[in-house]
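Take a look at the structure set out below.
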Amino acid sequence: MTDDGHGFATEQVHGGFLPDTAHGARVPAIHMSSGFLFDDFEQARDRFAGTDDGYTYTRLGNPTNADVERRVALLERSPEAILVGSGQAAVTVALLGLLEAGDHVVSARSIYEGTKGLLLQNLARLGIEVDFVADQRDLDAWARAVRPNTKLFFAETIPNPKNDVLDITGVADTAHRAGVPLVVDNTLATPYLVRPVEHGADVVVHSASKFLSGHGAGLGGLVVDGGRFDWSRHPERFAHLTTPDRALGGQSYVERYGSRAFVVYARDVVASRIGPSLSPFNAFLLRQGIETLSLRVERHSANALAVASFLEQQPEVTSVDHAGLASSPYHDLAQRYLPRGAGSVFAFTLAGGEPAARAFIDAVELFSRMTHLGDVRSLVLHPATTTHAGRTAAERADLGIGDGLVRLSIGIEDVADLLRDLERGLAAARAVTGREARPAPASEVASLTHTVPQGHVVVEEV
């Protein structure tokens with residue numbers, strides 16, 4: 001655990017660092033080795049028995065990857081993390097570390113489509129069922145969805161693309177009353193904006209390819225165990241952790257590892273056998289990104305709020321889904337859980353439908369047209385024809401994904417330049433819908449950019 005006297009920025013730079021006793025390198029080395037030498041017969045036996053903490057094979061653990069695991073665990077104020085090959089791998093490892101055939105999951109409906117597909121297709125083929133809560137603010141709806149075979153609740157702190165913030169404590173308390181853990185995807189918030197474990201969540205997952213890295217140069221994912229859930233309280237529900245295991249000499253995972261039972265099982269039994277290993281080189285790239293996380297996310301969030309405020313004032317924009325706006329139905333939750341900002345991934349809807357969205361997206365120049373999030377560069381996408389294209393029109397409408405909806409991931413560029421680029425897109429959308437192009441008044445841009453001092457970042461202590 002971290003020293004509470006250290007601020008977030010200090011921890012993201014120094015946390016979890018182990019000195020290089022051999023050469024004195026300040027930056028941890030990239031250990032590009034599949035396997036690791038044993039000193040002798042006894043050491044090999046001890047490492048495979050788990051009584052020696054040294055490394056055996058990179059699929060099971062690597063010093064470069066372990067450095068990232070320690071740092072993210074510290075930033076999430078949690079005891080332990082597992083680094084894997086992607087965010088989707090992280091969700092898979094977390095869920096398979098808890099679920100078996102015949103189990104049931106209660107999930108928020110507003111989650112990443114890839115995770116929804118994992119639940120509805122991949123896990124369904126293994127005999128695992130899921131119910132989705134349409135209104136994640138309705139805690140009674142979560143409670144009503146619980147069955148005797150429910151094993152976990154799943155949700156995202158800031159879902160994509162609607163920015164509909166989760167009531168973490170409310171959902172966690174509901175899960176705990178049902179005797180199950182809450183697994184939360186914290187990708188779009190990062191621990192800088194919110195630490196779900198501090199609000200009651202039990203397991204946190206990340207797509208580290210997004211804001212944790214920031215540079216968009218590699219994939220990665222993390223499973224973070226809060227270490228607070230009592231797996232022995234309902235032994236029949238988590239029998240794989242509470243019944244004797246031959247590999248542990250007849251002990252159960254709870255008996256051998258206590259509060260670490262889940263994370264050890266997820267690492268040693270799930271991740272190691274499925275094998276979603278992250279290259280140590282990508283772990284090194286991820287670590288470099290984490291060192292500037294707070295600086296970037298602060299700028300991301302400030303820029304996004306300025307952009308959202310600008311878009312809300314435009315006559316061709318019918319709605320803006322950003323919880324930082326007072327008009328958002330999730331503004332109260334953003335103020336409660338996200339005082340540093342509601343993130344930088346959100347959507348807005350153009351009145352002209354798909355033709356307007358097409359014109360807008362094709363006209364922008366600074367915004368990159370790509371399926372990614374959390375990059376230092378600003379990104380734009382049309383969900384109805386890309387990420388949600390597999391849904392019917394009725395399903396998309398039910399999710400609030402209209403034909404005119406455009407998703408943005410706001411980067412760290414100068415906000416004045418972003419607003420000018422957005423106006424370029426809006427002018428193209430107006431031309432398609434027959435409206436006269438209108439440049440944004442200079443006073444409007446100036447008032448919005450005034451709140452984002454360029455080149456100046458305030459680092460808060462926590």
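Ligands are numbered from 1 in the order shown, chains are lettered A, B, ... in the order of the structure tokens, and residues start at 1 in each chain.
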Using only C-alpha atoms, which protein or nucleic acid residues come within 12 Å of Asp173 of chain A? Drop anything in the same chain fewer than 3 positions from it, and give the result as a PyMOL selection string. chain A and resi 139-140+142-143+153+167-170+176-182+199-202+229
Hey, which bits of segment 158-219 of chain A sit within 7 Å of segment 324-343 of chain A, and for each residue what's the closest pair of atoms and how far apart in Å (one decimal), counting only C-alpha atoms, rows by chain and increasing number, as CSV?
residue,atom,partner,partner_atom,distance
A:Asp164,CA,A:Tyr330,CA,6.0
A:Val165,CA,A:Tyr330,CA,5.9
A:Asp167,CA,A:Leu333,CA,6.5
A:Leu188,CA,A:Gly343,CA,6.5
A:Ala189,CA,A:Gly343,CA,5.9
A:Leu193,CA,A:Leu338,CA,5.7
A:Val194,CA,A:Leu338,CA,6.1
May I have the selected residues written with all heavy atoms, as a tab-separated table (two decimals), in the first residue's frame?
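Dumped everything to again.tsv:
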chain	number	residue	atom	x	y	z
A	164	ASP	N	-22.51	8.32	-18.82
A	164	ASP	CA	-23.54	8.16	-17.79
A	164	ASP	C	-22.91	7.54	-16.54
A	164	ASP	O	-22.83	6.33	-16.40
A	164	ASP	CB	-24.72	7.33	-18.29
A	164	ASP	CG	-24.31	6.20	-19.24
A	164	ASP	OD1	-23.17	6.20	-19.72
A	164	ASP	OD2	-25.15	5.33	-19.51
A	165	VAL	N	-22.48	8.40	-15.64
A	165	VAL	CA	-21.65	8.05	-14.49
A	165	VAL	C	-22.36	7.05	-13.56
A	165	VAL	O	-23.56	7.14	-13.31
A	165	VAL	CB	-21.27	9.33	-13.71
A	165	VAL	CG1	-20.46	8.98	-12.46
A	165	VAL	CG2	-20.49	10.27	-14.63
A	167	ASP	N	-23.22	5.18	-10.02
A	167	ASP	CA	-23.31	5.36	-8.57
A	167	ASP	C	-22.58	4.19	-7.93
A	167	ASP	O	-23.17	3.17	-7.58
A	167	ASP	CB	-24.77	5.40	-8.12
A	167	ASP	CG	-24.92	5.59	-6.61
A	167	ASP	OD1	-23.89	5.68	-5.90
A	167	ASP	OD2	-26.07	5.61	-6.13
A	188	LEU	N	-12.08	4.64	-18.42
A	188	LEU	CA	-12.23	6.02	-18.86
A	188	LEU	C	-12.06	7.03	-17.74
A	188	LEU	O	-11.85	8.22	-18.00
A	188	LEU	CB	-13.60	6.22	-19.52
A	188	LEU	CG	-13.86	5.38	-20.78
A	188	LEU	CD1	-15.11	5.86	-21.50
A	188	LEU	CD2	-12.66	5.41	-21.73
A	189	ALA	N	-12.13	6.59	-16.51
A	189	ALA	CA	-11.90	7.51	-15.39
A	189	ALA	C	-10.44	7.50	-14.96
A	189	ALA	O	-9.88	8.56	-14.64
A	189	ALA	CB	-12.79	7.14	-14.21
A	193	LEU	N	-9.10	10.17	-11.58
A	193	LEU	CA	-10.42	10.77	-11.41
A	193	LEU	C	-11.24	10.09	-10.33
A	193	LEU	O	-11.99	10.75	-9.62
A	193	LEU	CB	-11.19	10.75	-12.74
A	193	LEU	CG	-10.60	11.60	-13.87
A	193	LEU	CD1	-11.49	11.53	-15.09
A	193	LEU	CD2	-10.42	13.05	-13.43
A	194	VAL	N	-11.13	8.78	-10.20
A	194	VAL	CA	-11.85	8.07	-9.14
A	194	VAL	C	-11.19	6.73	-8.88
A	194	VAL	O	-10.69	6.08	-9.80
A	194	VAL	CB	-13.34	7.86	-9.51
A	194	VAL	CG1	-13.51	6.93	-10.71
A	194	VAL	CG2	-14.13	7.34	-8.33
Residues at most 7 Å from segment 287-296 of chain A, counting only C-alpha atoms, excluding those fewer than 5 positions away in the same chain, as JSON, numbers by chain? {"A": [9, 12, 13, 68, 192, 212, 213, 214, 215, 412, 457]}
Convert the current residue selection to file output with N, CA, C and O atoms, as a PDB file, in the first residue's frame.
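This went into result_8.pdb:
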ATOM      1  N   ALA A   9       0.563  12.428  -8.071  1.00  0.00           N
ATOM      2  CA  ALA A   9       1.623  12.621  -9.058  1.00  0.00           C
ATOM      3  C   ALA A   9       2.940  12.024  -8.584  1.00  0.00           C
ATOM      4  O   ALA A   9       3.710  11.463  -9.374  1.00  0.00           O
ATOM      5  N   GLN A  12       2.641   8.212  -8.978  1.00  0.00           N
ATOM      6  CA  GLN A  12       2.685   7.713 -10.346  1.00  0.00           C
ATOM      7  C   GLN A  12       4.112   7.721 -10.902  1.00  0.00           C
ATOM      8  O   GLN A  12       4.415   6.988 -11.858  1.00  0.00           O
ATOM      9  N   VAL A  13       4.976   8.505 -10.315  1.00  0.00           N
ATOM     10  CA  VAL A  13       6.374   8.557 -10.757  1.00  0.00           C
ATOM     11  C   VAL A  13       7.259   7.604  -9.958  1.00  0.00           C
ATOM     12  O   VAL A  13       8.122   6.919 -10.516  1.00  0.00           O
ATOM     13  N   VAL A  68       4.832  -2.450 -13.405  1.00  0.00           N
ATOM     14  CA  VAL A  68       3.572  -1.792 -13.759  1.00  0.00           C
ATOM     15  C   VAL A  68       2.457  -2.243 -12.817  1.00  0.00           C
ATOM     16  O   VAL A  68       1.636  -1.433 -12.371  1.00  0.00           O
ATOM     17  N   TYR A 192      -6.897   8.475 -11.341  1.00  0.00           N
ATOM     18  CA  TYR A 192      -6.735   9.897 -11.059  1.00  0.00           C
ATOM     19  C   TYR A 192      -8.079  10.572 -10.827  1.00  0.00           C
ATOM     20  O   TYR A 192      -8.209  11.463  -9.981  1.00  0.00           O
ATOM     21  N   LEU A 212      -4.246   5.233 -19.375  1.00  0.00           N
ATOM     22  CA  LEU A 212      -3.053   4.876 -18.607  1.00  0.00           C
ATOM     23  C   LEU A 212      -1.799   4.999 -19.461  1.00  0.00           C
ATOM     24  O   LEU A 212      -0.758   5.453 -18.997  1.00  0.00           O
ATOM     25  N   SER A 213      -1.895   4.591 -20.727  1.00  0.00           N
ATOM     26  CA  SER A 213      -0.765   4.751 -21.650  1.00  0.00           C
ATOM     27  C   SER A 213      -0.753   6.164 -22.225  1.00  0.00           C
ATOM     28  O   SER A 213       0.242   6.868 -22.150  1.00  0.00           O
ATOM     29  N   GLY A 214      -1.862   6.531 -22.847  1.00  0.00           N
ATOM     30  CA  GLY A 214      -1.990   7.871 -23.400  1.00  0.00           C
ATOM     31  C   GLY A 214      -1.450   8.043 -24.795  1.00  0.00           C
ATOM     32  O   GLY A 214      -1.945   8.869 -25.552  1.00  0.00           O
ATOM     33  N   HIS A 215      -0.439   7.244 -25.154  1.00  0.00           N
ATOM     34  CA  HIS A 215       0.238   7.460 -26.425  1.00  0.00           C
ATOM     35  C   HIS A 215      -0.320   6.624 -27.574  1.00  0.00           C
ATOM     36  O   HIS A 215       0.042   6.838 -28.730  1.00  0.00           O
ATOM     37  N   ILE A 412      -5.224  16.405 -25.682  1.00  0.00           N
ATOM     38  CA  ILE A 412      -4.582  17.444 -24.867  1.00  0.00           C
ATOM     39  C   ILE A 412      -4.106  18.628 -25.717  1.00  0.00           C
ATOM     40  O   ILE A 412      -3.287  19.427 -25.269  1.00  0.00           O
ATOM     41  N   VAL A 457      -0.470  23.473 -15.570  1.00  0.00           N
ATOM     42  CA  VAL A 457      -1.146  22.328 -14.975  1.00  0.00           C
ATOM     43  C   VAL A 457      -1.007  22.392 -13.470  1.00  0.00           C
ATOM     44  O   VAL A 457       0.078  22.643 -12.946  1.00  0.00           O
TER      45      VAL A 457
END
With only C-alpha atoms as the counted atoms, please give the residues lying no more than 6 Å from segment 364-374 of chain A, apart from itself and same-chain residues fewer than 2 positions off, as a list in words.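 Returned residues: Lys210, Phe211, Gly214, Ile361, Asp362, Ser378, Leu379, Val380, Leu381, Ser409, Asp421 and Gly425 of chain A.
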Just N, CA and C atoms for this one: save the residues we selected as a PDB file, in the first residue's frame.
ATOM      1  N   LYS A 210      -5.641   2.760 -23.150  1.00  0.00           N
ATOM      2  CA  LYS A 210      -6.302   4.060 -23.237  1.00  0.00           C
ATOM      3  C   LYS A 210      -5.530   5.108 -22.419  1.00  0.00           C
ATOM      4  N   PHE A 211      -6.162   5.680 -21.413  1.00  0.00           N
ATOM      5  CA  PHE A 211      -5.563   6.815 -20.710  1.00  0.00           C
ATOM      6  C   PHE A 211      -4.313   6.450 -19.912  1.00  0.00           C
ATOM      7  N   GLY A 214      -1.862   6.531 -22.847  1.00  0.00           N
ATOM      8  CA  GLY A 214      -1.990   7.871 -23.400  1.00  0.00           C
ATOM      9  C   GLY A 214      -1.450   8.043 -24.795  1.00  0.00           C
ATOM     10  N   ILE A 361     -17.808  14.504 -39.586  1.00  0.00           N
ATOM     11  CA  ILE A 361     -16.632  13.662 -39.365  1.00  0.00           C
ATOM     12  C   ILE A 361     -15.641  13.773 -40.516  1.00  0.00           C
ATOM     13  N   ASP A 362     -16.142  13.892 -41.741  1.00  0.00           N
ATOM     14  CA  ASP A 362     -15.240  14.005 -42.886  1.00  0.00           C
ATOM     15  C   ASP A 362     -14.579  15.373 -42.977  1.00  0.00           C
ATOM     16  N   SER A 378      -7.003  14.023 -30.168  1.00  0.00           N
ATOM     17  CA  SER A 378      -8.463  13.971 -30.144  1.00  0.00           C
ATOM     18  C   SER A 378      -8.967  13.044 -31.246  1.00  0.00           C
ATOM     19  N   LEU A 379     -10.008  12.277 -30.928  1.00  0.00           N
ATOM     20  CA  LEU A 379     -10.518  11.242 -31.818  1.00  0.00           C
ATOM     21  C   LEU A 379     -12.015  11.430 -32.025  1.00  0.00           C
ATOM     22  N   VAL A 380     -12.505  10.954 -33.162  1.00  0.00           N
ATOM     23  CA  VAL A 380     -13.929  11.069 -33.474  1.00  0.00           C
ATOM     24  C   VAL A 380     -14.399   9.791 -34.159  1.00  0.00           C
ATOM     25  N   LEU A 381     -15.649   9.393 -33.883  1.00  0.00           N
ATOM     26  CA  LEU A 381     -16.211   8.172 -34.464  1.00  0.00           C
ATOM     27  C   LEU A 381     -17.738   8.281 -34.497  1.00  0.00           C
ATOM     28  N   SER A 409     -13.340  11.646 -28.253  1.00  0.00           N
ATOM     29  CA  SER A 409     -12.361  11.425 -27.192  1.00  0.00           C
ATOM     30  C   SER A 409     -11.417  12.618 -27.277  1.00  0.00           C
ATOM     31  N   ASP A 421     -11.629  23.477 -35.090  1.00  0.00           N
ATOM     32  CA  ASP A 421     -11.815  22.285 -35.912  1.00  0.00           C
ATOM     33  C   ASP A 421     -13.254  21.786 -35.823  1.00  0.00           C
ATOM     34  N   GLY A 425     -16.280  21.239 -38.729  1.00  0.00           N
ATOM     35  CA  GLY A 425     -17.201  20.122 -38.899  1.00  0.00           C
ATOM     36  C   GLY A 425     -18.653  20.558 -38.859  1.00  0.00           C
TER      37      GLY A 425
END
Could you please determine the separation between atom CA of Gln313 of chain A and atom CA of Phe348 of chain A in Å, to one decimal place?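 Between atom CA of Gln313 of chain A and atom CA of Phe348 of chain A the gap works out to 11.6 Å.
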From a backbone DSSP assignment, name each residue in segment 51-131 of chain A labelled strand (DSSP E), as a list in words.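 Filtering segment 51-131 of chain A down to strand (DSSP E) leaves Glu80, Ala81, Ile82, Leu83, Val84, His104, Val105, Val106, Ser107, Ala108, Glu129, Val130 and Asp131 of chain A.
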